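Engineer: Structure file data12.cif (mmCIF, C-alpha atoms) right here:
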```cif
data_work
loop_
_atom_site.label_atom_id
_atom_site.label_comp_id
_atom_site.auth_asym_id
_atom_site.auth_seq_id
_atom_site.Cartn_x
_atom_site.Cartn_y
_atom_site.Cartn_z
CA MET U 84 -68.97 9.38 -63.23
CA GLY U 85 -67.93 12.58 -61.62
CA LEU U 86 -68.36 16.28 -61.99
CA PHE U 87 -65.14 16.50 -63.98
CA SER U 88 -65.41 13.29 -66.01
CA GLY U 89 -64.55 13.89 -69.62
CA LEU U 90 -61.78 16.36 -68.85
CA LYS U 91 -59.40 13.71 -70.18
CA ASN U 92 -60.73 14.38 -73.67
CA LEU U 93 -59.75 17.99 -73.17
CA GLY U 94 -56.25 17.09 -72.12
CA LEU U 95 -57.03 17.75 -68.44
CA GLY U 96 -57.32 14.19 -67.18
CA ASN U 97 -55.11 14.92 -64.20
CA LEU U 98 -57.81 17.22 -62.83
CA GLU U 99 -60.76 14.78 -63.09
CA GLY U 100 -60.52 13.68 -59.44
CA MET U 101 -60.71 17.13 -57.91
CA ASP U 102 -63.03 17.80 -54.96
CA LEU U 103 -65.26 20.75 -55.81
CA TYR U 104 -65.26 22.11 -52.24
CA GLU U 105 -61.84 21.02 -51.08
CA ASP U 106 -60.01 23.57 -48.93
CA PRO U 107 -57.27 24.93 -51.22
CA LYS U 108 -55.01 25.30 -48.17
CA LYS U 109 -55.43 21.65 -47.13
CA ASN U 110 -52.29 20.36 -48.77
CA GLU U 111 -50.19 23.41 -48.27
CA VAL U 112 -47.24 22.97 -45.97
CA GLN U 113 -47.86 25.01 -42.89
CA LYS U 114 -44.89 27.27 -42.38
CA LYS U 115 -43.99 28.41 -38.93
CA PRO U 116 -43.62 32.13 -38.65
CA GLU U 117 -39.98 33.09 -38.60
CA THR U 118 -38.82 34.37 -35.26
CA VAL U 119 -37.02 37.65 -35.67
CA ALA U 120 -34.71 38.69 -32.89
CA PRO U 121 -35.57 42.10 -31.50
CA PRO U 122 -33.12 44.80 -32.60
CA ARG U 123 -30.32 45.49 -30.15
CA PRO U 124 -30.88 48.79 -28.35
CA GLN U 125 -28.86 51.74 -29.62
CA GLU U 126 -26.68 53.54 -27.12
CA LYS U 127 -28.06 56.93 -28.13
CA ASP U 128 -31.55 55.75 -27.19
CA LEU U 129 -30.43 54.75 -23.70
CA ILE U 130 -29.15 58.17 -22.63
CA TYR U 131 -30.60 61.63 -22.12
CA ASP U 132 -29.34 65.16 -21.45
CA ARG U 133 -29.79 66.10 -17.82
CA SER U 134 -29.49 69.66 -16.56
CA PHE U 135 -27.03 70.55 -13.80
CA VAL U 136 -25.78 73.66 -12.06
CA CYS U 137 -22.08 73.57 -11.22
CA PRO U 138 -21.51 73.88 -7.44
CA VAL U 139 -18.09 75.43 -8.10
CA CYS U 140 -18.82 78.18 -10.67
CA ASP U 141 -22.65 78.24 -10.68
CA SER U 142 -22.79 77.67 -14.46
CA PRO U 143 -25.80 75.75 -15.87
CA PHE U 144 -24.98 72.93 -18.27
CA THR U 145 -26.18 69.53 -19.45
CA ALA U 146 -24.50 66.14 -19.25
CA LYS U 147 -25.45 62.82 -20.81
CA ILE U 148 -26.82 60.33 -18.29
CA MET U 149 -27.89 56.71 -18.80
CA LYS U 150 -31.60 55.93 -18.60
CA SER U 151 -31.45 53.33 -15.83
CA SER U 152 -35.07 52.30 -16.35
CA LYS U 153 -34.53 51.47 -20.04
CA ALA U 154 -31.10 49.80 -19.92
CA LYS U 155 -31.29 46.00 -19.61
CA LEU U 156 -28.91 44.53 -17.05
CA LEU U 157 -27.14 41.45 -18.43
CA GLY U 158 -25.19 40.55 -15.31
CA THR U 159 -22.31 41.57 -13.07
CA ASP U 160 -18.65 40.69 -13.04
CA GLN U 161 -17.04 39.12 -9.98
CA ASP U 162 -15.99 42.57 -8.74
CA LEU U 163 -19.58 43.90 -9.11
CA ARG U 164 -19.13 45.73 -12.43
CA ALA U 165 -22.58 45.86 -14.04
CA ARG U 166 -22.94 44.94 -17.73
CA TYR U 167 -25.85 46.28 -19.79
CA ASP U 168 -27.17 45.49 -23.25
CA GLY U 169 -26.13 48.10 -25.81
CA ILE U 170 -24.37 50.50 -23.44
CA ASP U 171 -21.41 50.76 -21.07
CA ALA U 172 -22.86 52.51 -18.02
CA MET U 173 -19.42 53.59 -16.86
CA LYS U 174 -19.17 56.11 -19.70
CA TYR U 175 -22.01 58.12 -18.21
CA ASP U 176 -21.22 58.12 -14.48
CA VAL U 177 -19.02 61.23 -14.38
CA VAL U 178 -20.55 64.70 -14.52
CA MET U 179 -18.21 67.48 -15.71
CA CYS U 180 -18.75 71.22 -15.86
CA PRO U 181 -17.61 72.41 -19.32
CA VAL U 182 -16.94 75.90 -17.94
CA CYS U 183 -14.63 75.43 -14.92
CA GLY U 184 -13.55 71.80 -15.29
CA TYR U 185 -15.05 70.53 -12.05
CA ALA U 186 -15.87 66.83 -12.41
CA ALA U 187 -17.07 64.09 -10.09
CA LEU U 188 -19.00 60.86 -10.05
CA ILE U 189 -22.69 61.76 -10.21
CA ARG U 190 -23.12 60.45 -6.64
CA PHE U 191 -20.71 63.07 -5.31
CA PHE U 192 -21.17 65.93 -7.79
CA THR U 193 -23.08 68.31 -5.52
CA ASN U 194 -21.11 67.48 -2.37
CA VAL U 195 -18.72 70.43 -2.48
CA THR U 196 -17.98 72.82 0.37
CA SER U 197 -17.09 76.46 -0.22
CA THR U 198 -13.47 75.69 0.76
CA GLN U 199 -13.32 72.83 -1.74
CA ALA U 200 -14.84 74.99 -4.47
CA LYS U 201 -12.19 77.63 -3.87
CA MET U 202 -9.38 75.06 -4.14
CA ILE U 203 -10.83 73.73 -7.41
CA ARG U 204 -11.11 77.22 -8.90
CA GLU U 205 -7.53 78.01 -7.95
CA LYS U 206 -5.83 74.73 -8.88
CA ILE U 207 -7.97 73.46 -11.78
CA SER U 208 -10.27 76.08 -13.30
CA GLN U 209 -7.55 78.66 -13.97
CA THR U 210 -5.41 76.34 -16.10
CA VAL U 211 -7.57 73.44 -17.34
CA LYS U 212 -7.96 73.03 -21.12
CA LEU U 213 -11.06 71.02 -21.92
CA THR U 214 -11.49 69.10 -25.16
CA VAL U 215 -14.68 69.95 -27.05
CA TYR U 216 -16.74 66.92 -28.15
CA ASN U 217 -19.93 67.12 -30.19
CA ASP U 218 -20.81 63.43 -30.61
CA GLU U 219 -24.28 62.22 -29.64
CA ILE U 220 -22.73 59.61 -27.30
CA TYR U 221 -19.62 59.59 -25.12
CA GLY U 222 -16.73 57.66 -26.67
CA TYR U 223 -14.22 55.82 -24.48
CA GLU U 224 -11.51 58.45 -24.97
CA GLN U 225 -13.91 61.18 -23.90
CA ALA U 226 -15.08 59.12 -20.92
CA MET U 227 -11.47 58.52 -19.86
CA GLU U 228 -10.82 62.28 -19.85
CA ARG U 229 -13.84 62.79 -17.63
CA TYR U 230 -12.66 60.14 -15.16
CA LYS U 231 -9.16 61.62 -15.02
CA LEU U 232 -10.68 65.01 -14.27
CA ALA U 233 -12.91 63.46 -11.59
CA LEU U 234 -9.88 61.87 -9.92
CA VAL U 235 -7.74 65.01 -9.99
CA ASN U 236 -10.68 67.05 -8.67
CA ALA U 237 -11.10 64.55 -5.84
CA MET U 238 -7.44 64.95 -4.95
CA VAL U 239 -7.56 68.75 -5.10
CA LYS U 240 -10.69 69.02 -2.96
CA ARG U 241 -9.24 66.44 -0.52
CA ALA U 242 -12.11 64.05 -0.91
CA LYS U 243 -12.60 61.03 1.32
CA THR U 244 -10.46 58.00 0.63
CA SER U 245 -13.58 56.04 -0.36
CA GLU U 246 -14.51 58.56 -3.08
CA LYS U 247 -11.04 58.34 -4.63
CA ALA U 248 -11.14 54.55 -4.38
CA TYR U 249 -14.56 54.46 -6.05
CA ILE U 250 -13.31 56.60 -8.94
CA CYS U 251 -10.37 54.23 -9.36
CA LEU U 252 -12.68 51.21 -9.33
CA LYS U 253 -15.04 52.67 -11.93
CA THR U 254 -12.13 53.82 -14.09
CA ALA U 255 -10.88 50.22 -14.07
CA TRP U 256 -14.34 49.05 -15.14
CA LEU U 257 -14.34 51.64 -17.93
CA LEU U 258 -10.95 50.42 -19.15
CA ARG U 259 -12.23 46.84 -19.10
CA GLY U 260 -15.24 47.83 -21.18
CA TYR U 261 -12.98 49.71 -23.60
CA GLY U 262 -10.84 46.62 -24.10
CA GLU U 263 -13.89 44.40 -24.58
CA SER U 264 -15.30 46.77 -27.20
CA LEU U 265 -12.05 46.59 -29.16
CA LYS U 266 -11.98 42.79 -29.04
CA GLU U 267 -15.44 42.67 -30.62
CA LYS U 268 -13.95 44.00 -33.84
CA GLU U 269 -12.45 41.65 -36.44
CA GLU U 270 -9.21 43.58 -36.35
CA TYR U 271 -8.00 45.49 -33.32
CA ASP U 272 -4.82 46.93 -31.88
CA GLU U 273 -3.48 44.22 -29.55
CA LYS U 274 -0.92 46.62 -28.12
CA LEU U 275 -3.66 49.04 -27.11
CA VAL U 276 -5.69 46.23 -25.52
CA ASP U 277 -2.63 45.16 -23.50
CA THR U 278 -2.06 48.76 -22.41
CA LEU U 279 -5.68 49.08 -21.29
CA ALA U 280 -5.39 45.83 -19.30
CA LYS U 281 -2.29 47.11 -17.50
CA GLN U 282 -3.99 50.40 -16.72
CA GLU U 283 -7.03 48.52 -15.41
CA GLU U 284 -4.77 46.55 -13.09
CA GLU U 285 -3.19 49.74 -11.74
CA PHE U 286 -6.55 51.36 -11.04
CA LEU U 287 -7.87 48.19 -9.38
CA GLU U 288 -4.83 48.07 -7.13
CA ASN U 289 -5.47 51.65 -6.05
CA ALA U 290 -9.15 50.84 -5.51
CA TYR U 291 -8.12 47.91 -3.31
CA LYS U 292 -5.79 50.10 -1.26
CA GLY U 293 -8.39 52.84 -0.87
CA PHE U 294 -11.34 50.64 0.07
CA SER U 295 -9.19 48.61 2.49
CA GLU U 296 -8.40 51.85 4.31
CA ALA U 297 -11.90 53.33 4.05
CA ARG U 298 -13.65 50.32 5.60
CA GLN U 299 -11.53 50.82 8.72
CA THR U 300 -11.71 54.61 8.97
CA GLU U 301 -15.08 55.71 7.53
CA MET U 302 -18.68 55.29 8.60
CA PHE U 303 -20.98 53.02 6.59
CA PRO U 304 -22.57 53.14 4.09
CA ILE U 305 -19.49 53.79 1.97
CA CYS U 306 -20.26 55.08 -1.55
CA GLY U 307 -23.78 53.78 -1.07
CA MET U 308 -22.54 50.28 -0.16
CA ASN U 309 -23.21 48.52 3.13
CA THR U 310 -20.64 46.57 5.16
CA VAL U 311 -21.35 43.26 3.43
CA THR U 312 -20.96 44.69 -0.07
CA VAL U 313 -17.73 46.52 0.75
CA ASP U 314 -16.26 43.46 2.48
CA TYR U 315 -17.11 41.29 -0.51
CA LEU U 316 -15.66 43.82 -2.96
CA VAL U 317 -12.42 44.20 -0.98
CA ALA U 318 -12.18 40.40 -0.75
CA VAL U 319 -12.49 40.01 -4.52
CA LEU U 320 -9.79 42.62 -5.06
CA ALA U 321 -7.64 40.92 -2.41
CA VAL U 322 -7.87 37.66 -4.35
CA ARG U 323 -6.81 39.45 -7.51
CA PHE U 324 -3.69 40.74 -5.79
CA LYS U 325 -3.07 37.42 -4.01
CA ASP U 326 -3.71 38.72 -0.50
CA TYR U 327 -5.42 35.46 0.40
CA GLY U 328 -5.37 36.00 4.17
CA MET U 329 -7.37 39.23 3.89
CA ALA U 330 -9.70 37.69 1.31
CA THR U 331 -10.46 34.63 3.42
CA ARG U 332 -11.26 36.68 6.52
CA LEU U 333 -13.62 39.00 4.67
CA LEU U 334 -15.34 36.23 2.73
CA SER U 335 -15.97 34.31 5.95
CA ALA U 336 -17.53 37.46 7.42
CA VAL U 337 -19.81 37.79 4.39
CA ILE U 338 -20.88 34.12 4.50
CA THR U 339 -21.78 34.29 8.20
CA SER U 340 -23.39 37.74 8.08
CA PRO U 341 -27.12 37.65 8.91
CA GLY U 342 -27.62 40.72 6.70
CA ALA U 343 -26.14 39.16 3.55
CA ASN U 344 -28.47 37.78 0.88
CA MET U 345 -27.99 34.30 -0.58
CA ARG U 346 -26.64 35.60 -3.88
CA ILE U 347 -23.67 37.37 -2.34
CA LYS U 348 -23.11 34.48 0.09
CA ASP U 349 -22.95 32.07 -2.84
CA ARG U 350 -20.47 34.35 -4.58
CA ALA U 351 -18.38 34.48 -1.43
CA ARG U 352 -18.36 30.68 -1.20
CA ASP U 353 -17.26 30.43 -4.83
CA MET U 354 -14.42 32.85 -4.12
CA LYS U 355 -13.32 30.81 -1.10
CA GLU U 356 -13.22 27.67 -3.25
CA LEU U 357 -11.14 29.58 -5.80
CA ILE U 358 -8.68 30.55 -3.07
CA MET U 359 -8.42 26.93 -1.92
CA ARG U 360 -7.63 25.80 -5.47
CA GLU U 361 -5.06 28.56 -5.82
CA MET U 362 -3.39 27.59 -2.57
CA LYS U 363 -3.32 23.87 -3.43
CA SER U 364 -1.78 24.55 -6.84
CA LYS U 365 1.26 26.12 -5.20
#
```
Starting from the file, lay out its structure as C-alpha cells.

Structural biologist:
Amino acid sequence: MGLFSGLKNLGLGNLEGMDLYEDPKKNEVQKKPETVAPPRPQEKDLIYDRSFVCPVCDSPFTAKIMKSSKAKLLGTDQDLRARYDGIDAMKYDVVMCPVCGYAALIRFFTNVTSTQAKMIREKISQTVKLTVYNDEIYGYEQAMERYKLALVNAMVKRAKTSEKAYICLKTAWLLRGYGESLKEKEEYDEKLVDTLAKQEEEFLENAYKGFSEARQTEMFPICGMNTVTVDYLVAVLAVRFKDYGMATRLLSAVITSPGANMRIKDRARDMKELIMREMKSK
C-alpha cells in the first residue's frame, strides 16, 4: 500500500508511485546558461571632444580624439599599424583648426614657430575652403581631408622630413582601414577598393623615402620612435618595395640590438625568412 494507492480507481493510476517529498527539479534537465557575447563597442563611445587653441590663429575649438584607455587593441600589422576593436584610430590622429585650416598630427600640432604660423596664414588660411561636417564620428572621407590638410600644412611650414613621412605612413594606414571597412560589406565598389590600395602604396612609398632619409639626418627619437623601431619600420617598407639589401641590413641590426625586445626581434627574424623565400623563388 502507498499514500496514493487507489488513485487508479480515479483514473490517476500513473501517479500512484509518486514520492511525496521528491524534489520537483530532480528530473529536470539542467540547462547551461547561454553565453552571450558582449556587445561590440560603438565608435561614438570610444571618442571624446577635446579642447584646443590654434597656435596659428589663436582660435579655440574642439576636435574628436580617441579614448586610448577604453579602446581595445587587437593587434598590429607588420608595418606597426595598430588595429582596435570598434574604431580606426587613424581617423582621430589629425587635429584641424576649423577657422584657419591649420592641421597636423596631434603629436606635432602645437609645434609651430611664429615664422611657420605666418607662412600658413599666407599660403593656406587666406584661400582654404573647409567642408563642414556635423556627424558624431569622423567618416573616412572626412578623415582623408584632414590628412591632406596636415600634409600640405607640413609642406608649407617646412616641417622635418620625419613629420612628412609620418603623415604619409598614417595616411596609408587610414586608406588600408577604409578599404577593409568596405570589404566588410556584402556589396562594395571594387573599383574604389582598388583605387584605395594604389593610393596606400603611393603613400607608403613616400613614407619609406622620408624615413630612410630621416634616420640618417635627424636625431632620435624620431616621431616618438627609437632607433630600433625606426630601423624595423624602414626594413618592413624596404621589403614591400623589394629593396632587400637595405631590409636585410636593418633587420640584422634589430636582431643584434641589445635594446630591442624579443617581440620585435622575432618579427625581424620572420621578415628575414620572408626575404630568403622571396630571393629563392626568383

Engineer: Which protein, DNA or RNA residues are at most 12 Å from (-16.9, 53.0, 1.6) in the file's coordinates when you count all atoms listed in the file, listed as an MDAnalysis selection string?

Structural biologist: chainID U and resid 243:250 252 290:317

Engineer: Which residues, written as a PyMOL selection string, have at least one atom at most 12 Å from stretch 213-227 of chain U, with only C-alpha atoms counted and residues fewer than 5 positions away on the same chain left out?

Structural biologist: chain U and resi 125-132+146-149+170-186+188+207-208+232-234+250-251+253-265+279+282-283

Engineer: One number please: atom CA of U:Asp162 to atom CA of U:Ile347, in Å, one decimal.

Structural biologist: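 Answer for the atom CA of U:Asp162 to atom CA of U:Ile347 separation: 11.3 Å.
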
Engineer: With distances taken over only C-alpha atoms, which of U:Thr331, U:Thr193, U:Ser134, U:Asn344 is nearest to U:Met362?

Structural biologist: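 Closest to U:Met362, using only C-alpha atoms: U:Thr331.
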
Engineer: Quick one, how far is atom CA of U:Val136 from atom CA of U:Ile203?

Structural biologist: 15.7 Å

Engineer: Give as an mmCIF file with C-alpha atoms, keeping the file's coordinate frame the residues that the PyMOL selection byres ((chain U and resi 154) around 7) matches when applied to the coordinates above.

Structural biologist:
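Below you can see part.cif, which holds the result:
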```
data_model
loop_
_atom_site.group_PDB
_atom_site.id
_atom_site.type_symbol
_atom_site.label_atom_id
_atom_site.label_comp_id
_atom_site.auth_asym_id
_atom_site.auth_seq_id
_atom_site.Cartn_x
_atom_site.Cartn_y
_atom_site.Cartn_z
ATOM 1 C CA LEU U 129 -30.430 54.750 -23.700
ATOM 2 C CA LYS U 150 -31.600 55.930 -18.600
ATOM 3 C CA SER U 151 -31.450 53.330 -15.830
ATOM 4 C CA SER U 152 -35.070 52.300 -16.350
ATOM 5 C CA LYS U 153 -34.530 51.470 -20.040
ATOM 6 C CA LYS U 155 -31.290 46.000 -19.610
ATOM 7 C CA LEU U 156 -28.910 44.530 -17.050
ATOM 8 C CA TYR U 167 -25.850 46.280 -19.790
ATOM 9 C CA ASP U 168 -27.170 45.490 -23.250
#
```

Engineer: Report, in Å to a single decimal, how far apart atom CA of U:Phe191 and atom CA of U:Val239 are.

Structural biologist: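 We find that atom CA of U:Val239 and atom CA of U:Phe191 lie 14.3 Å from each other.
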
Engineer: Starting from the PyMOL selection byres ((chain U and resi 325) around 12), expand the selection into actual residues of this file and give them as a ChimeraX atom specification.

Structural biologist: /U:288,291,317-324,326-331,357-359,361-362

Engineer: Which residue is closest to U:Phe192? Choose from U:Gly169, U:Val211, U:Met238, U:Phe135 and count all atoms listed in the file.

Structural biologist: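 That would be U:Phe135, the residue with the smallest distance to U:Phe192.
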
Engineer: Applying the PyMOL selection byres ((chain U and resi 195-200) around 7) to the file I just gave you, which residues come out? Please list them as a list in words.

Structural biologist: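 When the PyMOL selection byres ((chain U and resi 195-200) around 7) is applied, the selected residues are Pro138, Val139, Thr193, Asn194, Lys201, Met202, Ile203, Arg204 and Lys240 of chain U.
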